[in-house]
Amino acid sequence: MFQVPASHEEWNVIERGFHSRWNFPGLYGAIDGKHVLIRAPPDCGSDFFNYKGKNSIILLGVVNDDYCFTYINIGANRRCSDGGVLLNSSLSHELENGMLPTGGFFVGDVAFPQKHYLLKPYQHTPLTHDQKIFNYRLSRARRIVENAFGILVSRFRIFEKPIATDVTVTDKIIHTACALHNWLRKTSNTYLTRENVDFENVDTGEIIPGSWRQENLALLPSINRIGSNHLDKLEN
């Protein structure tokens, strides 16, 4: 249940949501990647052994302004190298060929390559005042994908320990969990509440952490470096 917008008007609905909710005009999605821990398949050698010393496959996701996944890529393995999951995916090809409306972009963290369609925080120091404001607003907007992953792992307990199935079955489990997340977000009033996700106190500017952050954040470790993929999904 992934709905990649098929027209500029559908993309613009997402952009208006990011603009009104997160004060970030021109934004069409937040992207992030997580390691999903697995039990190593027999005779796989180091194929799934990541830089954290565990076996995993990578889930790359793009999330819209309403915490729903619009795109997922499942299955990158091996120790991670810069940019591979995104650059080798169908998403990268579509982005390079004008998938987003003119001037539109996604936001990601420093693990991703800088592109005209993908913005990430300034890293150099010292930062100017304007750069600090940009980083602050980008962080606010990108937090939505962190929360989507957090809700996913807190609701679907299959992620509590390494998944011990054949890799092809593991891919299907992850895909199904993401699809159910979208469906429940759209149909249930209790699946995701204000207390579950980060929100900002408009009077003080303080970010109030979502309840999922009180749980074990190591269940889906973040990607610091990114590698190749063996399965991706781009569906209408």
# chains A, B, ... in the order shown; residues from 1 in each chain; ligands from 1
$ residues_around --residues "A:Asp109" --least-positions-apart "5" --cutoff "8 Å" --atoms "only C-alpha atoms" --output "PyMOL selection string"
chain A and resi 32+120-121+142
$ residues_around --residues "A:His19" --least-positions-apart "4" --cutoff "12 Å" --atoms "only C-alpha atoms" --output "list in words"
Asn12, Val13, Ile14, Glu15, Asn23, Phe24, Pro25, Gly26, Leu27, Tyr28, Gly29, Asn64, Asp65, Arg137, Leu138, Arg140 and Ala141 of chain A
$ residues_around --residues "stretch 143-159 of chain A" --least-positions-apart "3" --cutoff "8 Å" --atoms "only C-alpha atoms" --output "MDAnalysis selection string"
chainID A and resid 30:32 36:37 61:63 65 67:69 139:140 162:163 177:178 181 192 196:198 210 212:213 215 217 219:220
$ residues_around --residues "A:Leu119" --least-positions-apart "4" --cutoff "8 Å" --atoms "only C-alpha atoms" --output "ChimeraX atom specification"
/A:105-108,114-115
$ write_last_selection --atoms "all heavy atoms" --output "CSV table (one decimal), in the first residue's frame"
chain,number,residue,atom,x,y,z
A,105,PHE,N,12.2,18.9,-3.8
A,105,PHE,CA,13.3,18.1,-3.3
A,105,PHE,C,12.8,17.2,-2.1
A,105,PHE,O,11.8,17.5,-1.5
A,105,PHE,CB,14.4,19.0,-2.8
A,105,PHE,CG,14.0,20.2,-1.9
A,105,PHE,CD1,13.8,20.0,-0.6
A,105,PHE,CD2,13.7,21.4,-2.5
A,105,PHE,CE1,13.3,21.0,0.2
A,105,PHE,CE2,13.2,22.4,-1.7
A,105,PHE,CZ,13.0,22.2,-0.3
A,106,PHE,N,13.7,16.3,-1.7
A,106,PHE,CA,13.5,15.5,-0.5
A,106,PHE,C,14.6,16.1,0.5
A,106,PHE,O,15.5,16.8,0.1
A,106,PHE,CB,13.8,14.0,-0.7
A,106,PHE,CG,12.8,13.3,-1.5
A,106,PHE,CD1,13.2,12.1,-2.2
A,106,PHE,CD2,11.5,13.7,-1.6
A,106,PHE,CE1,12.2,11.4,-2.9
A,106,PHE,CE2,10.6,13.1,-2.4
A,106,PHE,CZ,10.9,11.9,-3.1
A,107,VAL,N,14.4,15.7,1.8
A,107,VAL,CA,15.5,16.0,2.8
A,107,VAL,C,15.9,14.7,3.4
A,107,VAL,O,15.2,13.8,3.6
A,107,VAL,CB,15.0,17.0,3.9
A,107,VAL,CG1,14.7,18.4,3.3
A,107,VAL,CG2,13.7,16.4,4.6
A,108,GLY,N,17.3,14.7,3.7
A,108,GLY,CA,17.9,13.5,4.3
A,108,GLY,C,18.9,14.0,5.3
A,108,GLY,O,19.2,15.2,5.4
A,114,GLN,N,24.6,14.9,-1.6
A,114,GLN,CA,23.9,16.2,-1.9
A,114,GLN,C,23.5,16.2,-3.4
A,114,GLN,O,24.4,16.0,-4.2
A,114,GLN,CB,24.8,17.4,-1.6
A,114,GLN,CG,24.2,18.7,-1.8
A,114,GLN,CD,23.2,19.1,-0.7
A,114,GLN,OE1,23.6,18.9,0.5
A,114,GLN,NE2,22.1,19.6,-1.0
A,115,LYS,N,22.3,16.4,-3.6
A,115,LYS,CA,21.8,16.5,-5.0
A,115,LYS,C,20.8,17.7,-5.1
A,115,LYS,O,20.4,18.2,-4.1
A,115,LYS,CB,21.0,15.2,-5.4
A,115,LYS,CG,21.8,14.0,-5.4
A,115,LYS,CD,22.7,13.9,-6.6
A,115,LYS,CE,23.4,12.5,-6.7
A,115,LYS,NZ,24.2,12.4,-8.0
